[in-house]
Structure formats: structure tokens, C-alpha cells
$ cat model.cif   # mmCIF, C-alpha atoms; chains and numbers go by the auth columns
data_start
#
loop_
_atom_site.group_PDB
_atom_site.id
_atom_site.type_symbol
_atom_site.label_atom_id
_atom_site.label_comp_id
_atom_site.label_asym_id
_atom_site.label_seq_id
_atom_site.Cartn_x
_atom_site.Cartn_y
_atom_site.Cartn_z
_atom_site.B_iso_or_equiv
_atom_site.auth_seq_id
_atom_site.auth_asym_id
ATOM 1 C CA MET A 1 0.000 0.000 0.000 0.00 277 R
ATOM 2 C CA SER A 2 1.478 3.331 -1.004 0.00 278 R
ATOM 3 C CA ILE A 3 0.761 6.648 0.635 0.00 279 R
ATOM 4 C CA ASP A 4 0.916 9.883 -1.325 0.00 280 R
ATOM 5 C CA LEU A 5 2.641 12.453 0.896 0.00 281 R
ATOM 6 C CA ARG A 6 0.895 15.235 -1.016 0.00 282 R
ATOM 7 C CA ASN A 7 -2.455 13.907 0.224 0.00 283 R
ATOM 8 C CA ILE A 8 -1.113 13.749 3.764 0.00 284 R
ATOM 9 C CA GLU A 9 0.161 17.343 3.505 0.00 285 R
ATOM 10 C CA LEU A 10 -3.263 18.372 2.245 0.00 286 R
ATOM 11 C CA LEU A 11 -5.083 16.622 5.082 0.00 287 R
ATOM 12 C CA VAL A 12 -2.881 18.281 7.701 0.00 288 R
ATOM 13 C CA ALA A 13 -3.210 21.691 6.028 0.00 289 R
ATOM 14 C CA ALA A 14 -6.999 21.396 5.784 0.00 290 R
ATOM 15 C CA VAL A 15 -7.265 20.577 9.488 0.00 291 R
ATOM 16 C CA ASP A 16 -4.790 23.290 10.487 0.00 292 R
ATOM 17 C CA CYS A 17 -6.681 25.855 8.390 0.00 293 R
ATOM 18 C CA ARG A 18 -10.075 24.377 9.356 0.00 294 R
ATOM 19 C CA SER A 19 -10.904 24.635 5.665 0.00 295 R
ATOM 20 C CA ILE A 20 -10.377 22.470 2.602 0.00 296 R
ATOM 21 C CA THR A 21 -10.234 25.636 0.490 0.00 297 R
ATOM 22 C CA GLU A 22 -7.470 27.212 2.570 0.00 298 R
ATOM 23 C CA GLY A 23 -5.708 23.883 2.981 0.00 299 R
ATOM 24 C CA ALA A 24 -5.727 23.491 -0.798 0.00 300 R
ATOM 25 C CA GLN A 25 -4.222 26.946 -1.226 0.00 301 R
ATOM 26 C CA ALA A 26 -1.549 26.153 1.359 0.00 302 R
ATOM 27 C CA VAL A 27 -0.338 23.152 -0.648 0.00 303 R
ATOM 28 C CA GLY A 28 -0.878 24.684 -4.086 0.00 304 R
ATOM 29 C CA LEU A 29 -3.958 22.779 -5.232 0.00 305 R
ATOM 30 C CA SER A 30 -7.317 23.873 -6.558 0.00 306 R
ATOM 31 C CA LEU A 31 -10.339 23.318 -4.337 0.00 307 R
ATOM 32 C CA SER A 32 -11.663 20.726 -6.780 0.00 308 R
ATOM 33 C CA ALA A 33 -8.405 18.752 -6.785 0.00 309 R
ATOM 34 C CA ALA A 34 -8.100 18.965 -3.002 0.00 310 R
ATOM 35 C CA SER A 35 -11.657 17.830 -2.395 0.00 311 R
ATOM 36 C CA SER A 36 -11.198 14.923 -4.807 0.00 312 R
ATOM 37 C CA ARG A 37 -7.946 13.885 -3.141 0.00 313 R
ATOM 38 C CA ILE A 38 -9.411 13.907 0.361 0.00 314 R
ATOM 39 C CA THR A 39 -12.506 12.004 -0.759 0.00 315 R
ATOM 40 C CA ALA A 40 -10.327 9.442 -2.576 0.00 316 R
ATOM 41 C CA LEU A 41 -8.135 9.058 0.521 0.00 317 R
ATOM 42 C CA GLU A 42 -11.199 8.422 2.668 0.00 318 R
ATOM 43 C CA LYS A 43 -12.644 5.923 0.182 0.00 319 R
ATOM 44 C CA LYS A 44 -9.331 4.107 -0.279 0.00 320 R
ATOM 45 C CA HIS A 45 -9.025 3.475 3.442 0.00 321 R
ATOM 46 C CA GLY A 46 -12.745 3.132 4.163 0.00 322 R
ATOM 47 C CA VAL A 47 -12.865 5.799 6.837 0.00 323 R
ATOM 48 C CA SER A 48 -14.182 9.339 7.128 0.00 324 R
ATOM 49 C CA LEU A 49 -11.359 11.655 8.171 0.00 325 R
ATOM 50 C CA LEU A 50 -13.061 15.043 8.155 0.00 326 R
ATOM 51 C CA GLN A 51 -16.393 16.282 9.345 0.00 327 R
ATOM 52 C CA ARG A 52 -17.516 18.930 6.887 0.00 328 R
ATOM 53 C CA LEU A 53 -19.418 21.712 8.641 0.00 329 R
ATOM 54 C CA ARG A 54 -20.671 25.107 7.534 0.00 330 R
ATOM 55 C CA SER A 55 -17.985 26.662 9.708 0.00 331 R
ATOM 56 C CA GLY A 56 -15.240 24.538 8.147 0.00 332 R
ATOM 57 C CA VAL A 57 -13.771 21.106 8.676 0.00 333 R
ATOM 58 C CA VAL A 58 -12.777 19.262 11.817 0.00 334 R
ATOM 59 C CA PRO A 59 -11.230 15.831 12.079 0.00 335 R
ATOM 60 C CA THR A 60 -13.419 12.886 12.972 0.00 336 R
ATOM 61 C CA GLU A 61 -12.284 10.556 15.736 0.00 337 R
ATOM 62 C CA ALA A 62 -10.495 8.455 13.111 0.00 338 R
ATOM 63 C CA GLY A 63 -9.166 11.648 11.547 0.00 339 R
ATOM 64 C CA GLU A 64 -7.581 12.657 14.863 0.00 340 R
ATOM 65 C CA VAL A 65 -5.697 9.356 15.040 0.00 341 R
ATOM 66 C CA VAL A 66 -4.624 9.604 11.404 0.00 342 R
ATOM 67 C CA LEU A 67 -3.616 13.230 11.906 0.00 343 R
ATOM 68 C CA ILE A 68 -1.188 12.351 14.701 0.00 344 R
ATOM 69 C CA GLN A 69 0.528 9.787 12.506 0.00 345 R
ATOM 70 C CA SER A 70 0.376 12.110 9.485 0.00 346 R
ATOM 71 C CA ARG A 71 2.244 14.839 11.336 0.00 347 R
ATOM 72 C CA ARG A 72 4.886 12.310 12.385 0.00 348 R
ATOM 73 C CA LEU A 73 5.157 11.022 8.821 0.00 349 R
ATOM 74 C CA LEU A 74 5.665 14.529 7.424 0.00 350 R
ATOM 75 C CA GLU A 75 8.263 15.272 10.093 0.00 351 R
ATOM 76 C CA GLN A 76 10.141 12.091 9.174 0.00 352 R
ATOM 77 C CA ALA A 77 9.914 12.965 5.470 0.00 353 R
ATOM 78 C CA ASP A 78 11.474 16.367 6.240 0.00 354 R
ATOM 79 C CA LEU A 79 14.276 14.686 8.196 0.00 355 R
ATOM 80 C CA LEU A 80 14.897 12.282 5.330 0.00 356 R
ATOM 81 C CA THR A 81 15.041 15.156 2.844 0.00 357 R
ATOM 82 C CA SER A 82 17.551 16.942 5.085 0.00 358 R
ATOM 83 C CA ALA A 83 19.683 13.799 5.298 0.00 359 R
ATOM 84 C CA PHE A 84 19.753 13.536 1.511 0.00 360 R
ATOM 85 C CA GLN A 85 20.699 17.204 1.194 0.00 361 R
ATOM 86 C CA GLN A 86 23.494 16.896 3.751 0.00 362 R
ATOM 87 C CA HIS A 87 24.864 13.812 2.013 0.00 363 R
ATOM 88 C CA GLN A 88 24.666 15.574 -1.335 0.00 364 R
ATOM 89 C CA LYS A 89 26.656 18.531 0.037 0.00 365 R
ATOM 90 C CA ARG A 90 29.352 16.201 1.368 0.00 366 R
ATOM 91 C CA THR A 91 29.695 14.256 -1.862 0.00 367 R
ATOM 92 C CA SER A 92 29.709 17.390 -4.026 0.00 368 R
ATOM 93 C CA ASN A 93 32.712 18.709 -2.064 0.00 369 R
ATOM 94 C CA TRP A 94 34.832 15.735 -3.135 0.00 370 R
#

$ encode --input "model.cif" --output "C-alpha cells"
Amino acid sequence: MSIDLRNIELLVAAVDCRSITEGAQAVGLSLSAASSRITALEKKHGVSLLQRLRSGVVPTEAGEVVLIQSRRLLEQADLLTSAFQQHQKRTSNW
């Protein structure tokens, strides 16, 4: 099973912004693309992640659990990117 980090970034941004629209803007997607990605993510895993309200979005109980792991995953992805960059700097100095 593969996980698209872009979808994870979108989910976190939507929750942080309390809005799919603003979350989409934060990660550089259109509202339509963002909404489709979140819906596809929910369908793929068979769980509702966001409660869509007039005032915005909030994570469901399952969404809260997924959000904790999503933040950790993004943090680890950032650390991995930094490790690659540091290694690249060392090897380019040879």
C-alpha cells in the first residue's frame, strides 16, 4: 500500500486551516483537486477523516488518530530530505 505524501500534507493543512479551500491553497492545489484527493483518501481506506461543517472542517475521531501519525510522517519525510541534502553537500565537495 502506497501513501501519497501530497495527500497527507493536504489533510494536515486542511485541518490546520479548518478549511479544505485554505488547505488546498496552502499546498498549491485547486479546491476541486483537493476535495477529490481527500474524498479518494477516505474511500481508499474506508474511513471518514473530516467532518464537513458550515464553519469549516474538523477531524473525525479516526481523523484525529490519522492526523497524529500524518504529522509524524511529514516530520520524518522532512528529516529524510535533510539527510539527503546533507549527504549531497558532502559528496559534491569531493

$ residues_around --input "model.cif" --residues "Ser308 in chain R" --least-positions-apart "4" --cutoff "10 Å" --atoms "all atoms listed in the file" --output "VMD selection string"
chain R and resid 296 to 297 300 312 to 313

$ resolve_selection --input "model.cif" --expression "the PyMOL selection byres ((chain R and resi 324-338) around 12)" --output "compact mmCIF listing (two decimals) with C-alpha atoms, in the coordinates of the input"
# COMPACT_ATOMS: atom_id res chain seq x y z
CA ILE R 284 -1.11 13.75 3.76
CA LEU R 286 -3.26 18.37 2.24
CA LEU R 287 -5.08 16.62 5.08
CA VAL R 288 -2.88 18.28 7.70
CA ALA R 289 -3.21 21.69 6.03
CA ALA R 290 -7.00 21.40 5.78
CA VAL R 291 -7.26 20.58 9.49
CA ASP R 292 -4.79 23.29 10.49
CA CYS R 293 -6.68 25.86 8.39
CA ARG R 294 -10.07 24.38 9.36
CA SER R 295 -10.90 24.64 5.66
CA ILE R 296 -10.38 22.47 2.60
CA THR R 297 -10.23 25.64 0.49
CA GLU R 298 -7.47 27.21 2.57
CA GLY R 299 -5.71 23.88 2.98
CA SER R 311 -11.66 17.83 -2.40
CA ILE R 314 -9.41 13.91 0.36
CA THR R 315 -12.51 12.00 -0.76
CA ALA R 316 -10.33 9.44 -2.58
CA LEU R 317 -8.14 9.06 0.52
CA GLU R 318 -11.20 8.42 2.67
CA LYS R 319 -12.64 5.92 0.18
CA LYS R 320 -9.33 4.11 -0.28
CA HIS R 321 -9.02 3.48 3.44
CA GLY R 322 -12.74 3.13 4.16
CA VAL R 323 -12.86 5.80 6.84
CA GLY R 339 -9.17 11.65 11.55
CA GLU R 340 -7.58 12.66 14.86
CA VAL R 341 -5.70 9.36 15.04
CA VAL R 342 -4.62 9.60 11.40
CA LEU R 343 -3.62 13.23 11.91
CA ILE R 344 -1.19 12.35 14.70
CA GLN R 345 0.53 9.79 12.51
CA SER R 346 0.38 12.11 9.48

$ atom_distance --input "model.cif" --atom1 "CA of Ala310 in chain R" --atom2 "CA of Ser278 in chain R"
18.4 Å

$ atom_distance --input "model.cif" --atom1 "CA of Arg366 in chain R" --atom2 "CA of Arg282 in chain R"
28.6 Å

$ atom_distance --input "model.cif" --atom1 "CA of Ala302 in chain R" --atom2 "CA of Asp280 in chain R"
16.7 Å
